[in-house]
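*Asks:* Could you have a look at this structure, given as structure tokens, before my questions?
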Amino acid sequence: MLTNQRTLKQSYTFKGKGLHTGINVNMIITPAPANHGIKFKRSDLDGEPVIDAVADYIAPSSRNTTLQKGEVVVATPEHILAALYAMGIDNALITIDGPEVPILDGSSKPYAEAFLSDGFEELDEVRKVFEVNEKIVLVDEESGAEISIYPDNDFSVEVMIDFNSRVVGHQYARYNSRSKFETEFAPCRTFVFFHELEPLFKNNLIKGGDLSNAIVIAENEIPQQELDRIATLFNVERLERGASGYLNHIDLHFDNECARHKLLDVLGDISLCGFAVKGKIIAGKPGHKINTKLASLLRKAAKEYFSKPVAPKFDLNAEPVVDINGIKKLLPHRPPFLMVDRIIEMTPQQVVGVKTLGVNEGYFIGHFPEEPVMPGVLIIEAMAQVGGILVLSDLDEPEKYSTYFAKIDGVKFKRKVVPGDVLVIKLTLTAPLRRSIVSMRGEAFVGDTLVCEGEMVAQVIKNK
């Protein structure tokens with residue numbers, strides 16, 4: 001089933017420090033129009049540059065995901081991206097006045113709660129969904145991380161983690177279309193092992209980390225003197241190791257909260273492919289490096305997939321959007337030169353028409369008697385007539401206007417069109433009507449096969 005894109009209903013402001021930089025930042029998330037995608041704007045930089053939240057801009061980083069385009073850097077976007085992706089938000093502008101997204105409480109919960117409180121706005125454009133058609137398997141020998149994606153009829157993620165820790169143990173988490181992200185995954189916080197704290201801090205990381213935004217796992221008993229030393233390093237009043245192995249007796253939201261947070265990170269990183277995905281992800285001890293590598297491969301495959309013309313679905317039993325009588329009211333053409341029988345789909349940007357080719361079409365008699373073929377110029381004419389319907393339907397008194405070719409470019413014929421074929425013709429606006437000139441891209445299909453494509457420019461002229 002096709003679903004429409006959506007965005008937020010209103011703007012939201014979040015303030016806090018970056019996990020790794022420790023810099024206090026202000027972040028405003030605002031609604032955006034269809035096909036905008038998710039973008040970050042650095043309001044603190046000259047010109048307020050914008051960077052798309054896509055895998056094209058993934059930069060090398062440690063312990064987080066980082067986007068970089070020239071001098072523009074946005075670090076640690078994974079938690080806000082996970083919330084947007086899991087909640088089906090395709091379009092939003094995120095304005096931030098610093099180099100790192102605020103860590104807040106170390107989870108996606110503040111975002112999910114805010115977005116759900118007001119609901120979402122559905123847009124007119126259909127959401128693009130990339131259907132995985134072959135498996136991808138990635139392994140990082142150094143970290144022991146593995147991640148794979150397989151073809152499936154739904155989107156799902158399974159995560160398994162095992163850090164040889166008696167505190168964390170072996171954990172498993174699963175997410176699918178029936179999961180409630182806002183309650184089952186969004187509250188799950190980032191985590192770190194106690195023995196990693198000082199090395200990370202000395203490597204200029206986790207400067208904004210504390211027990212309000214991270215779970216700290218203490219595998220073994222730790223002398224209070226050592227705890228006090230680390231507390232001073234992080235400017236924390238006091239640290240204690242709880243009986244359960246977590247500092248300061250932190251209560252977990254779930255027994256497998258660590259695995260659930262790793263799954264949350266997978267969602268945020270996979271969103272960088274730039275499209276909704278249909279496929280099954282299985283990950284073992286995943287990390288941002290391997291997650292974003294998979295996102296890059298998915299983005300490359302998706303861009304190739306969406307660049308290929310896709311035949312519109314044609315249901316013979318469905319009522320036409322515009323029948324032959326309606327077409328005659330929009331076009332001045334009449335048989336035998338009326339090249340479209342019905343319109344089956346029409347939006348402000350796109351139209352799909354159908355022409356059924358019987359053996360009695362006049363041009364088959366002489367083109368060619370022994371092997372009848374529809375002339376290429378008539379396929380182009382059929383495309384132009386369908387495009388004309390899109391343009392004229394938006395005018396007052398369309399019967400007073402006609403469309404005329406101004407330019408045809410890049411036309412390619414892929415296959416013969418013969419008697420018995422059903423020609424399905426799709427025209428998409430590439431530039432809106434301005435000063436009576438309109439630009440369109442046309443594609444004609446027989447079944448799932450593209451038979452003709454090309455760019456067209458037409459002029460709309462009032463009849464004398």
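Just so we're on the same page: first chain in the structure tokens is A, next is B, and so on; residues restart at 1 for each chain, and ligands are numbered from 1 in the order they show up.
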Report as a PDB file with C-alpha atoms, in the first residue's frame: the residues of segment 100-196 of chain A with a DSSP assignment of helix (DSSP H, G or I), based on the backbone of this structure.
*Replies:*
```pdb
ATOM      1  CA  LYS A 109      12.446   9.869  24.447  1.00  0.00           C
ATOM      2  CA  PRO A 110      12.249  13.712  24.575  1.00  0.00           C
ATOM      3  CA  TYR A 111      11.815  13.838  20.793  1.00  0.00           C
ATOM      4  CA  ALA A 112       9.265  11.038  20.587  1.00  0.00           C
ATOM      5  CA  GLU A 113       7.123  12.487  23.379  1.00  0.00           C
ATOM      6  CA  ALA A 114       7.148  15.961  21.822  1.00  0.00           C
ATOM      7  CA  PHE A 115       6.256  14.759  18.333  1.00  0.00           C
ATOM      8  CA  LEU A 116       3.462  12.483  19.543  1.00  0.00           C
ATOM      9  CA  SER A 117       1.882  15.227  21.630  1.00  0.00           C
ATOM     10  CA  ASP A 118       0.821  17.124  18.499  1.00  0.00           C
ATOM     11  CA  PHE A 181       8.993   2.974  19.264  1.00  0.00           C
ATOM     12  CA  GLU A 182       7.951   5.744  21.655  1.00  0.00           C
ATOM     13  CA  THR A 183       7.621   3.382  24.645  1.00  0.00           C
ATOM     14  CA  GLU A 184       9.707   0.336  23.739  1.00  0.00           C
ATOM     15  CA  PHE A 194      33.579   2.275  33.395  1.00  0.00           C
ATOM     16  CA  HIS A 195      37.007   1.270  32.099  1.00  0.00           C
ATOM     17  CA  GLU A 196      36.339   3.241  28.888  1.00  0.00           C
TER      18      GLU A 196
END
```
*Asks:* Run DSSP on the backbone of this structure and report the residues of segment 235-448 of chain A it assigns to strand (DSSP E), as a PyMOL selection string.
*Replies:* chain A and resi 276-284+342-346+350-356+401-413+422-434+437-446
*Asks:* Rounded to one decimal, what separation in Å do you get between atom CA of Leu264 of chain A and atom CA of Phe191 of chain A?
*Replies:*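 Distance between the two atoms: 12.3 Å.
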*Asks:* Env of segment 246-262 of chain A: 9 Å cut, atoms = only C-alpha atoms, seq-sep filter 2 positions within chain, self excluded. Answer as an NGL selection string.
*Replies:* :A and (107 or 159-161 or 167-168 or 170-175 or 184-191 or 194 or 211 or 215-219 or 238-244 or 264-267 or 285-287)
*Asks:* With a distance cut-off of 9 Å and only C-alpha atoms, select the neighbouring residues of Thr7 of chain A, excluding the residue or stretch itself and same-chain residues fewer than 6 positions from it, and output the selection as a PyMOL selection string.
*Replies:* chain A and resi 30-34+88-92+120-123
*Asks:* Hey, can you spit out that residue selection with N, CA and C atoms as a PDB file, in the first residue's frame?
*Replies:*
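selection-v3.pdb, freshly written:
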```
ATOM      1  N   THR A  30      11.703  22.073  12.761  1.00  0.00           N
ATOM      2  CA  THR A  30      10.526  22.696  12.147  1.00  0.00           C
ATOM      3  C   THR A  30       9.973  21.827  11.017  1.00  0.00           C
ATOM      4  N   PRO A  31       8.676  21.966  10.711  1.00  0.00           N
ATOM      5  CA  PRO A  31       8.087  21.228   9.584  1.00  0.00           C
ATOM      6  C   PRO A  31       8.753  21.632   8.269  1.00  0.00           C
ATOM      7  N   ALA A  32       8.673  20.754   7.281  1.00  0.00           N
ATOM      8  CA  ALA A  32       9.240  21.023   5.961  1.00  0.00           C
ATOM      9  C   ALA A  32       8.322  20.433   4.899  1.00  0.00           C
ATOM     10  N   PRO A  33       8.368  20.968   3.669  1.00  0.00           N
ATOM     11  CA  PRO A  33       7.469  20.502   2.607  1.00  0.00           C
ATOM     12  C   PRO A  33       7.874  19.132   2.073  1.00  0.00           C
ATOM     13  N   ALA A  34       7.021  18.567   1.235  1.00  0.00           N
ATOM     14  CA  ALA A  34       7.285  17.261   0.617  1.00  0.00           C
ATOM     15  C   ALA A  34       8.589  17.296  -0.163  1.00  0.00           C
ATOM     16  N   GLY A  88       8.084   7.906  11.161  1.00  0.00           N
ATOM     17  CA  GLY A  88       7.619   8.160   9.798  1.00  0.00           C
ATOM     18  C   GLY A  88       7.658   9.602   9.380  1.00  0.00           C
ATOM     19  N   ILE A  89       8.573  10.401   9.948  1.00  0.00           N
ATOM     20  CA  ILE A  89       8.705  11.809   9.564  1.00  0.00           C
ATOM     21  C   ILE A  89       9.726  11.890   8.430  1.00  0.00           C
ATOM     22  N   ASP A  90       9.258  12.212   7.247  1.00  0.00           N
ATOM     23  CA  ASP A  90      10.125  12.234   6.073  1.00  0.00           C
ATOM     24  C   ASP A  90      10.794  13.585   5.859  1.00  0.00           C
ATOM     25  N   ASN A  91      10.180  14.651   6.369  1.00  0.00           N
ATOM     26  CA  ASN A  91      10.631  16.002   6.042  1.00  0.00           C
ATOM     27  C   ASN A  91      10.683  16.869   7.292  1.00  0.00           C
ATOM     28  N   ALA A  92      11.850  17.448   7.564  1.00  0.00           N
ATOM     29  CA  ALA A  92      12.008  18.359   8.696  1.00  0.00           C
ATOM     30  C   ALA A  92      13.306  19.132   8.521  1.00  0.00           C
ATOM     31  N   PHE A 120       1.095  14.451  13.461  1.00  0.00           N
ATOM     32  CA  PHE A 120       1.872  14.707  12.260  1.00  0.00           C
ATOM     33  C   PHE A 120       0.971  15.239  11.147  1.00  0.00           C
ATOM     34  N   GLU A 121       1.598  15.845  10.149  1.00  0.00           N
ATOM     35  CA  GLU A 121       0.855  16.371   9.005  1.00  0.00           C
ATOM     36  C   GLU A 121       1.173  15.547   7.762  1.00  0.00           C
ATOM     37  N   GLU A 122       0.136  14.999   7.149  1.00  0.00           N
ATOM     38  CA  GLU A 122       0.331  14.222   5.922  1.00  0.00           C
ATOM     39  C   GLU A 122       0.444  15.166   4.731  1.00  0.00           C
ATOM     40  N   LEU A 123       1.391  14.880   3.855  1.00  0.00           N
ATOM     41  CA  LEU A 123       1.633  15.708   2.671  1.00  0.00           C
ATOM     42  C   LEU A 123       1.078  15.027   1.432  1.00  0.00           C
TER      43      LEU A 123
END
```
